[in-house]
Protein chains: 2
Amino acid sequence: MESTFSIIAEPSRRAILSLLASAEQSVGDIEEHLQLPQPSVSKHLRVLREAGFVESRVDAQRRLYRIRPEPLMEIDAWLAPFRRYWSQHLDALERHLDRMSPPPRRKRKKK
Amino acid sequence: MESTFSIIAEPSRRAILSLLASAEQSVGDIEEHLQLPQPSVSKHLRVLREAGFVESRVDAQRRLYRIRPEPLMEIDAWLAPFRRYWSQHLDALERHLDRMSPPPRRKRKKK
DNA sequence: CAGCTATATACCTTACGGGGTATATACGTT
DNA sequence: AACGTATATACCCCGTAAGGTATATAGCTG
């Protein structure tokens, strides 16, 4: 687990980040909101912390986690060269997202 | 290998996409630019193609690959909720990138 | 201090994806 | 048709990361 990109490849980690986007949360808050086992949450938070996506502060026995934007900015920066393609496909995104929302179908080709 | 995000977790695939960002390329072109074995390039292209990141057209025995922006737009859209953090950290990104360029140190704690 | 709550870590197991190598397919050239 | 080039696919192997379970650590409360 090295790169910034592989960190956010994990769905639970993206969910955690999205949750933290609105506000600081404790481990327990995350556990409850996302319905994940506590050790799992802690493990993901460790990965996110070590990669700089989040930082924590202590509040009694809890740790409150919050977003650190730098790694996300890095991803945003990586996208820059592709933005010139955006314009032509203004509405194609919605269709794409619709098509992608059902479980990504595995293609069994040439049976 | 399902999600849009896990696709771009792979460094070679990101390199391929970056290469295609500037212009359409054949498999051989990619192979040579990135110094990757040909089967590896073909395999990555297959993954990228099935996930909608690229499309190909035929030119004699070659296949010319080009970017399809939708999945990248999806990532861009996912970043939206975090953009409100950008402003405070205008220059923090550079320092972050500097700090991250050497191999991400694995922490061996409590031996 | 004992016991409770909150969080972190260690350990085991398993699945999956990527690298490498060999081979198949498709088209082009002579 | 035979051969060469371009690309795709099949197969095997291995590392690694995620899930689950158990346990350790830290702080609070009585």
# chains A, B, ... in the order shown; residues from 1 in each chain; ligands from 1

$ residues_around --residues "region 62-73 of chain A" --least-positions-apart "3" --cutoff "8 Å" --atoms "only C-alpha atoms (C1' of nucleotides)" --output "PyMOL selection string"
(chain A and resi 4+17+20-21+23-27+51-59+76-77) or (chain B and resi 79+82+85-86+89+92-93+96) or (chain C and resi 6-7)

$ interface_residues --of "chain C" --to "chain A" --cutoff "12 Å" --atoms "only C-alpha atoms (C1' of nucleotides)" --output "list in words"
DC4, DT5, DA6, DT7, DA8, DT9 and DA10 of chain C

$ residues_around --residues "region 15-23 of chain D" --least-positions-apart "4" --cutoff "9 Å" --atoms "only C-alpha atoms (C1' of nucleotides)" --output "list in words"
Met1 and Ser40 of chain A; DT9, DA10, DC11, DC12, DT13 and DT14 of chain C

$ decode --residues "region 2-30 of chain C" --atoms "C-alpha atoms (C1' of nucleotides)" --output "CSV table (one decimal), in the first residue's frame"
chain,number,residue,atom,x,y,z
C,2,DA,C1',-11.6,-2.4,39.6
C,3,DG,C1',-14.2,-2.2,35.8
C,4,DC,C1',-15.8,0.1,31.7
C,5,DT,C1',-15.3,2.5,27.2
C,6,DA,C1',-12.7,3.8,23.2
C,7,DT,C1',-9.2,2.7,20.2
C,8,DA,C1',-5.1,0.3,18.5
C,9,DT,C1',-2.6,-3.7,17.2
C,10,DA,C1',-1.2,-8.7,16.4
C,11,DC,C1',-2.1,-12.8,14.1
C,12,DC,C1',-4.1,-15.8,10.7
C,13,DT,C1',-6.2,-16.8,6.4
C,14,DT,C1',-7.7,-16.0,1.9
C,15,DA,C1',-8.4,-13.8,-2.6
C,16,DC,C1',-6.9,-11.3,-6.2
C,17,DG,C1',-4.0,-8.8,-9.2
C,18,DG,C1',0.4,-8.1,-11.5
C,19,DG,C1',4.8,-10.0,-13.5
C,20,DG,C1',6.8,-13.3,-16.6
C,21,DT,C1',6.8,-16.5,-20.3
C,22,DA,C1',4.8,-18.8,-24.1
C,23,DT,C1',1.6,-18.9,-27.6
C,24,DA,C1',-2.4,-17.6,-30.4
C,25,DT,C1',-4.5,-14.4,-33.7
C,26,DA,C1',-4.7,-10.9,-37.2
C,27,DC,C1',-2.9,-8.2,-40.8
C,28,DG,C1',0.7,-7.0,-44.3
C,29,DT,C1',4.4,-8.0,-47.5
C,30,DT,C1',7.0,-10.6,-50.7
